[in-house]
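Chemist: There's a structure below that I have some questions on.
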Amino acid sequence: MLLQGKTVLITGGSQGIGRAAAIDCARAGADVAINYLGDEGEAAEVVAAITALGRRAIAVRSDVADPEAAPAFVQAAVAALGGVDVFVSNAGICPFHAFLDMPVDVLERTMRVNLHGAYFMVQAAAQRMVEQGRGGAIIAVSSISALVGGEYQTHYTPTKAGVHSLMQSCAIALGRHGIRCNSVLPGTIQTAINQDDLADPEKRARMAARIPLGRLGVPEDLAGPIVFLASDMARYVTGAALLVDGGAFVNLQ
Ligand SMILES: NC(=O)C1=CN([C@@H]2O[C@H](COP(=O)(O)OP(=O)(O)OC[C@H]3O[C@@H](n4cnc5c(N)ncnc54)[C@H](O)[C@@H]3O)[C@@H](O)[C@H]2O)C=CC1
Ligand SMILES: C[C@H](O)[C@@H]1OC(=O)[C@H](O)[C@@H]1O
């Protein structure tokens with residue numbers, strides 16, 4: 001099994017992409033700690049699904065935008081599961097809004113959750129990995145939006161470019177410690193984050209029509225790439241970005 005004996009920490013692991021990644025990491029042999037800010041029942045279901053696979057799991061409810069949440073999450077995972085081998089920075093929000101009247105609080109909250117939150121969490125996980133002295137793997141869930149824009153995402157796309165850039169710089173800063181840092185760039189994946197946006201049938205059809213593989217993504221489409229980057233199969237991969245978008249990005253005409 002690709003992650004046998006490893007401990008994986010995932011932010012935003014109670015639903016969507018984080019949930020799928022958490023369960024597939026457990027399927028690959030890992031114990032898993034999830035952080036989340038949503039519904040307690042959903043987080044408990046993820047823990048139960050992992051436990052049913054014969055692995056250990058904990059869920060910690062906290063806000064990644066709070067700098068103190070990061071060391072607290074890592075400490076809770078170490079206390080319960082013994083260490084940190086893989087860290088997946090996934091928690092994120094995308095409150096769609098027009099540019100010209102973007103409220104300051106929506107802009108700031110999006111930046112704080114998506115970018116500052118990733119920074120604090122990755123830093124706390126890396127500190128623990130360095131202390132352990134056995135390397136590690138860090139994966140950030142960036143986006144195709146790191147590369148292309150969105151009319152109602154002017155506050156969001158810069159955070160995803162930032163997360164991608166964070167992984168590139170961390171790959172340099174942490175390479176000497178044997179810690180690999182990569183990002184995955186999902187295309188449009190059907191989750192709660194875009195449920196309202198994709199409820200517009202015209203927009204949904206337009207998004208799907210751009211995808212050479214012929215369908216919008218589902219959270220499980222990201223699980224394999226995340227497990228791969230977490231595993232020793234990717235032992236010489238660092239500073240890389242893996243598009244997981246069904247081909248949407250390259251489909252200009
Ligand atoms: N769904 C999509 O089309 C795409 C999503 N992404 C990224 O994937 C990541 C996961 O998104 P989805 O699974 O789609 O969304 P989702 O809404 O289904 O899940 C988000 C998860 O993040 C957690 N979360 C939200 N704010 C948090 C906070 N302040 N502190 C801690 N946890 C928090 C939620 O509790 C939940 O577990 C996000 O970073 C998003 O930007 C990237 C590209 C495409
Ligand atoms: C939430 C959006 O549907 C989704 O988020 C991203 O990062 C993708 O680019 C999509 O726009």
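Numbering starts fresh at 1 for the residues of each chain in the structure tokens, the chains themselves are lettered A, B, ... in the order given, and ligands are numbered from 1 as they appear.
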So that I can check the surroundings of A:Ala125, please list as a PyMOL selection string every protein, DNA and RNA residue that reaches within 9 Å of it, counting only C-alpha atoms and ignoring chain neighbours fewer than 4 positions away.

Modeler: chain A and resi 9+70-71+74+84-87+120-121+129-130+138

Chemist: Taking 5 positions as the minimum chain separation for residues in the same chain, which residues sit within 6 Å of stretch 208-224 of chain A when counting only C-alpha atoms? Answer as a PyMOL selection string.

Modeler: chain A and resi 16-17+20-21+188-190+246-248

Chemist: Write out as a PyMOL selection string each polymer residue (protein, DNA or RNA) that has an atom no more than 7 Å from ligand 2, with only C-alpha atoms and all ligand atoms counted.

Modeler: chain A and resi 94+143-145+150+186-189+193-194+197

Chemist: Kindly indicate which residue among A:Ala30, A:Val46, A:Met1, A:Leu100 lies nearest to ligand 1, using only C-alpha atoms and all ligand atoms for the distances.

Modeler: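 Going through A:Ala30, A:Val46, A:Met1, A:Leu100 one by one, the smallest distance to ligand 1 is for A:Val46.
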
Chemist: Hey, what's within 9 Å of A:Asp66 if we count only C-alpha atoms and toss same-chain stuff fewer than 6 positions away? As a VMD selection string, please?

Modeler: chain A and resid 112 to 113 116 to 117 120

Chemist: May I have the selected residues written with N, CA, C and O atoms, as a PDB file, in the first residue's frame?

Modeler:
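Full text of selection.pdb as output:
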ATOM      1  N   ARG A 112      -7.582  35.455   3.870  1.00  0.00           N
ATOM      2  CA  ARG A 112      -7.126  34.899   5.159  1.00  0.00           C
ATOM      3  C   ARG A 112      -7.316  33.384   5.226  1.00  0.00           C
ATOM      4  O   ARG A 112      -6.470  32.666   5.741  1.00  0.00           O
ATOM      5  N   VAL A 113      -8.451  32.922   4.733  1.00  0.00           N
ATOM      6  CA  VAL A 113      -8.690  31.467   4.779  1.00  0.00           C
ATOM      7  C   VAL A 113      -7.782  30.756   3.776  1.00  0.00           C
ATOM      8  O   VAL A 113      -7.053  29.828   4.117  1.00  0.00           O
ATOM      9  N   HIS A 116      -3.482  32.850   3.827  1.00  0.00           N
ATOM     10  CA  HIS A 116      -2.845  32.889   5.146  1.00  0.00           C
ATOM     11  C   HIS A 116      -3.032  31.548   5.860  1.00  0.00           C
ATOM     12  O   HIS A 116      -2.109  31.039   6.492  1.00  0.00           O
ATOM     13  N   GLY A 117      -4.236  30.992   5.731  1.00  0.00           N
ATOM     14  CA  GLY A 117      -4.503  29.704   6.376  1.00  0.00           C
ATOM     15  C   GLY A 117      -3.567  28.627   5.876  1.00  0.00           C
ATOM     16  O   GLY A 117      -3.029  27.825   6.655  1.00  0.00           O
ATOM     17  N   PHE A 120      -0.003  29.334   7.387  1.00  0.00           N
ATOM     18  CA  PHE A 120       0.153  28.948   8.802  1.00  0.00           C
ATOM     19  C   PHE A 120       0.206  27.430   8.960  1.00  0.00           C
ATOM     20  O   PHE A 120       1.029  26.878   9.694  1.00  0.00           O
TER      21      PHE A 120
END

Chemist: When DSSP is applied to the backbone of this structure, which of stretch 135-196 of chain A are assigned alpha helix (DSSP H)? Write them out as a list of chain:residue names.

Modeler: A:Thr157, A:Pro158, A:Thr159, A:Lys160, A:Ala161, A:Gly162, A:Val163, A:His164, A:Ser165, A:Leu166, A:Met167, A:Gln168, A:Ser169, A:Cys170, A:Ala171, A:Ile172, A:Ala173, A:Leu174

Chemist: When you count only C-alpha atoms and all ligand atoms, which of these residues is closest to ligand 1: A:Glu68, A:Asp24, A:Glu42, A:Glu151?

Modeler: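 The closest residue to ligand 1 is A:Glu42.
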
Chemist: Run DSSP on the backbone and give me the residues of stretch 82-210 of chain A it puts in strand (DSSP E), as a PDB file with N, CA, C and O atoms, in the first residue's frame.

Modeler:
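In the end it all went to states.pdb:
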ATOM      1  N   VAL A  86       2.640  13.426   6.012  1.00  0.00           N
ATOM      2  CA  VAL A  86       2.063  14.074   4.825  1.00  0.00           C
ATOM      3  C   VAL A  86       1.116  15.167   5.305  1.00  0.00           C
ATOM      4  O   VAL A  86       0.329  14.954   6.233  1.00  0.00           O
ATOM      5  N   PHE A  87       1.196  16.333   4.657  1.00  0.00           N
ATOM      6  CA  PHE A  87       0.257  17.396   4.993  1.00  0.00           C
ATOM      7  C   PHE A  87      -0.439  17.873   3.727  1.00  0.00           C
ATOM      8  O   PHE A  87       0.228  18.226   2.754  1.00  0.00           O
ATOM      9  N   VAL A  88      -1.757  17.875   3.739  1.00  0.00           N
ATOM     10  CA  VAL A  88      -2.534  18.345   2.588  1.00  0.00           C
ATOM     11  C   VAL A  88      -3.265  19.625   3.002  1.00  0.00           C
ATOM     12  O   VAL A  88      -4.170  19.603   3.840  1.00  0.00           O
ATOM     13  N   SER A  89      -2.862  20.748   2.407  1.00  0.00           N
ATOM     14  CA  SER A  89      -3.518  22.029   2.681  1.00  0.00           C
ATOM     15  C   SER A  89      -4.636  22.207   1.661  1.00  0.00           C
ATOM     16  O   SER A  89      -4.387  22.525   0.500  1.00  0.00           O
ATOM     17  N   GLY A 136       9.194  14.263   4.417  1.00  0.00           N
ATOM     18  CA  GLY A 136       7.737  14.353   4.372  1.00  0.00           C
ATOM     19  C   GLY A 136       7.272  14.853   3.020  1.00  0.00           C
ATOM     20  O   GLY A 136       8.071  15.119   2.117  1.00  0.00           O
ATOM     21  N   ALA A 137       5.957  14.942   2.897  1.00  0.00           N
ATOM     22  CA  ALA A 137       5.367  15.445   1.652  1.00  0.00           C
ATOM     23  C   ALA A 137       4.265  16.436   2.003  1.00  0.00           C
ATOM     24  O   ALA A 137       3.432  16.166   2.884  1.00  0.00           O
ATOM     25  N   ILE A 138       4.297  17.580   1.323  1.00  0.00           N
ATOM     26  CA  ILE A 138       3.251  18.595   1.509  1.00  0.00           C
ATOM     27  C   ILE A 138       2.582  18.827   0.162  1.00  0.00           C
ATOM     28  O   ILE A 138       3.267  18.968  -0.862  1.00  0.00           O
ATOM     29  N   ILE A 139       1.260  18.802   0.182  1.00  0.00           N
ATOM     30  CA  ILE A 139       0.500  19.009  -1.056  1.00  0.00           C
ATOM     31  C   ILE A 139      -0.516  20.117  -0.791  1.00  0.00           C
ATOM     32  O   ILE A 139      -1.291  20.040   0.174  1.00  0.00           O
ATOM     33  N   ALA A 140      -0.515  21.131  -1.641  1.00  0.00           N
ATOM     34  CA  ALA A 140      -1.523  22.191  -1.507  1.00  0.00           C
ATOM     35  C   ALA A 140      -2.552  22.045  -2.613  1.00  0.00           C
ATOM     36  O   ALA A 140      -2.200  21.796  -3.771  1.00  0.00           O
ATOM     37  N   VAL A 141      -3.809  22.204  -2.256  1.00  0.00           N
ATOM     38  CA  VAL A 141      -4.862  22.196  -3.264  1.00  0.00           C
ATOM     39  C   VAL A 141      -5.005  23.633  -3.767  1.00  0.00           C
ATOM     40  O   VAL A 141      -5.615  24.484  -3.132  1.00  0.00           O
ATOM     41  N   ILE A 179      11.816  17.217   2.468  1.00  0.00           N
ATOM     42  CA  ILE A 179      10.359  17.477   2.426  1.00  0.00           C
ATOM     43  C   ILE A 179      10.002  17.977   1.031  1.00  0.00           C
ATOM     44  O   ILE A 179      10.519  18.996   0.569  1.00  0.00           O
ATOM     45  N   ARG A 180       9.124  17.250   0.360  1.00  0.00           N
ATOM     46  CA  ARG A 180       8.681  17.614  -0.993  1.00  0.00           C
ATOM     47  C   ARG A 180       7.404  18.457  -0.906  1.00  0.00           C
ATOM     48  O   ARG A 180       6.547  18.182  -0.069  1.00  0.00           O
ATOM     49  N   CYS A 181       7.301  19.453  -1.780  1.00  0.00           N
ATOM     50  CA  CYS A 181       6.138  20.348  -1.756  1.00  0.00           C
ATOM     51  C   CYS A 181       5.590  20.505  -3.164  1.00  0.00           C
ATOM     52  O   CYS A 181       6.306  20.969  -4.058  1.00  0.00           O
ATOM     53  N   ASN A 182       4.360  20.142  -3.355  1.00  0.00           N
ATOM     54  CA  ASN A 182       3.736  20.187  -4.679  1.00  0.00           C
ATOM     55  C   ASN A 182       2.311  20.709  -4.561  1.00  0.00           C
ATOM     56  O   ASN A 182       1.735  20.719  -3.466  1.00  0.00           O
ATOM     57  N   SER A 183       1.755  21.094  -5.688  1.00  0.00           N
ATOM     58  CA  SER A 183       0.335  21.466  -5.653  1.00  0.00           C
ATOM     59  C   SER A 183      -0.456  20.683  -6.691  1.00  0.00           C
ATOM     60  O   SER A 183       0.087  20.269  -7.718  1.00  0.00           O
ATOM     61  N   VAL A 184      -1.729  20.482  -6.396  1.00  0.00           N
ATOM     62  CA  VAL A 184      -2.665  19.986  -7.403  1.00  0.00           C
ATOM     63  C   VAL A 184      -3.547  21.162  -7.806  1.00  0.00           C
ATOM     64  O   VAL A 184      -3.881  22.016  -6.986  1.00  0.00           O
ATOM     65  N   LEU A 185      -3.890  21.180  -9.092  1.00  0.00           N
ATOM     66  CA  LEU A 185      -4.698  22.278  -9.641  1.00  0.00           C
ATOM     67  C   LEU A 185      -6.000  21.685 -10.193  1.00  0.00           C
ATOM     68  O   LEU A 185      -6.079  21.340 -11.380  1.00  0.00           O
ATOM     69  N   PRO A 186      -7.014  21.556  -9.336  1.00  0.00           N
ATOM     70  CA  PRO A 186      -8.279  21.006  -9.830  1.00  0.00           C
ATOM     71  C   PRO A 186      -8.950  21.970 -10.804  1.00  0.00           C
ATOM     72  O   PRO A 186      -8.830  23.193 -10.681  1.00  0.00           O
TER      73      PRO A 186
END

Chemist: Write out as a PDB file with N, CA and C atoms, in the first residue's frame the residues lying within 12 Å of A:Ser169, counting only C-alpha atoms and excluding same-chain residues fewer than 2 positions away.

Modeler:
ATOM      1  N   TYR A 119      -0.640  29.109   4.592  1.00  0.00           N
ATOM      2  CA  TYR A 119       0.717  29.444   5.058  1.00  0.00           C
ATOM      3  C   TYR A 119       0.934  28.959   6.497  1.00  0.00           C
ATOM      4  N   VAL A 122       0.842  24.997   6.659  1.00  0.00           N
ATOM      5  CA  VAL A 122       2.018  24.368   6.038  1.00  0.00           C
ATOM      6  C   VAL A 122       3.256  24.611   6.909  1.00  0.00           C
ATOM      7  N   GLN A 123       3.367  25.817   7.436  1.00  0.00           N
ATOM      8  CA  GLN A 123       4.524  26.139   8.280  1.00  0.00           C
ATOM      9  C   GLN A 123       4.551  25.257   9.542  1.00  0.00           C
ATOM     10  N   GLY A 162      -1.337  32.192  -5.296  1.00  0.00           N
ATOM     11  CA  GLY A 162      -0.456  32.321  -4.131  1.00  0.00           C
ATOM     12  C   GLY A 162      -0.109  30.988  -3.509  1.00  0.00           C
ATOM     13  N   VAL A 163      -1.083  30.106  -3.421  1.00  0.00           N
ATOM     14  CA  VAL A 163      -0.855  28.784  -2.840  1.00  0.00           C
ATOM     15  C   VAL A 163       0.118  27.978  -3.703  1.00  0.00           C
ATOM     16  N   HIS A 164      -0.067  28.095  -5.023  1.00  0.00           N
ATOM     17  CA  HIS A 164       0.834  27.423  -5.966  1.00  0.00           C
ATOM     18  C   HIS A 164       2.265  27.961  -5.781  1.00  0.00           C
ATOM     19  N   SER A 165       2.391  29.272  -5.674  1.00  0.00           N
ATOM     20  CA  SER A 165       3.696  29.905  -5.473  1.00  0.00           C
ATOM     21  C   SER A 165       4.291  29.513  -4.113  1.00  0.00           C
ATOM     22  N   LEU A 166       3.440  29.400  -3.099  1.00  0.00           N
ATOM     23  CA  LEU A 166       3.911  28.980  -1.774  1.00  0.00           C
ATOM     24  C   LEU A 166       4.584  27.614  -1.853  1.00  0.00           C
ATOM     25  N   MET A 167       3.976  26.704  -2.600  1.00  0.00           N
ATOM     26  CA  MET A 167       4.568  25.365  -2.735  1.00  0.00           C
ATOM     27  C   MET A 167       5.913  25.423  -3.459  1.00  0.00           C
ATOM     28  N   ALA A 171       9.259  24.300  -1.622  1.00  0.00           N
ATOM     29  CA  ALA A 171      10.070  23.204  -2.180  1.00  0.00           C
ATOM     30  C   ALA A 171      11.555  23.534  -2.050  1.00  0.00           C
ATOM     31  N   ILE A 172      11.884  24.806  -2.223  1.00  0.00           N
ATOM     32  CA  ILE A 172      13.289  25.235  -2.094  1.00  0.00           C
ATOM     33  C   ILE A 172      13.688  25.281  -0.611  1.00  0.00           C
ATOM     34  N   ALA A 173      12.828  25.884   0.203  1.00  0.00           N
ATOM     35  CA  ALA A 173      13.151  26.058   1.623  1.00  0.00           C
ATOM     36  C   ALA A 173      13.257  24.729   2.365  1.00  0.00           C
ATOM     37  N   LEU A 174      12.502  23.717   1.905  1.00  0.00           N
ATOM     38  CA  LEU A 174      12.410  22.472   2.682  1.00  0.00           C
ATOM     39  C   LEU A 174      13.096  21.281   2.024  1.00  0.00           C
ATOM     40  N   GLY A 175      13.604  21.477   0.791  1.00  0.00           N
ATOM     41  CA  GLY A 175      14.239  20.360   0.078  1.00  0.00           C
ATOM     42  C   GLY A 175      15.373  19.734   0.865  1.00  0.00           C
ATOM     43  N   ARG A 180       9.124  17.250   0.360  1.00  0.00           N
ATOM     44  CA  ARG A 180       8.681  17.614  -0.993  1.00  0.00           C
ATOM     45  C   ARG A 180       7.404  18.457  -0.906  1.00  0.00           C
ATOM     46  N   CYS A 181       7.301  19.453  -1.780  1.00  0.00           N
ATOM     47  CA  CYS A 181       6.138  20.348  -1.756  1.00  0.00           C
ATOM     48  C   CYS A 181       5.590  20.505  -3.164  1.00  0.00           C
ATOM     49  N   ASN A 182       4.360  20.142  -3.355  1.00  0.00           N
ATOM     50  CA  ASN A 182       3.736  20.187  -4.679  1.00  0.00           C
ATOM     51  C   ASN A 182       2.311  20.709  -4.561  1.00  0.00           C
ATOM     52  N   SER A 183       1.755  21.094  -5.688  1.00  0.00           N
ATOM     53  CA  SER A 183       0.335  21.466  -5.653  1.00  0.00           C
ATOM     54  C   SER A 183      -0.456  20.683  -6.691  1.00  0.00           C
ATOM     55  N   THR A 238       9.190  17.553  -6.725  1.00  0.00           N
ATOM     56  CA  THR A 238       8.953  18.655  -5.784  1.00  0.00           C
ATOM     57  C   THR A 238       8.904  19.976  -6.535  1.00  0.00           C
ATOM     58  N   GLY A 239       8.086  20.893  -6.053  1.00  0.00           N
ATOM     59  CA  GLY A 239       7.908  22.183  -6.726  1.00  0.00           C
ATOM     60  C   GLY A 239       7.030  22.069  -7.966  1.00  0.00           C
ATOM     61  N   ALA A 240       6.356  20.951  -8.105  1.00  0.00           N
ATOM     62  CA  ALA A 240       5.543  20.715  -9.313  1.00  0.00           C
ATOM     63  C   ALA A 240       4.080  21.076  -9.070  1.00  0.00           C
TER      64      ALA A 240
END

Chemist: Hey, which of A:Arg128, A:His155, A:Arg61, A:Arg235 ends up closest to ligand 1? Count only C-alpha atoms and all ligand atoms.

Modeler: A:Arg61
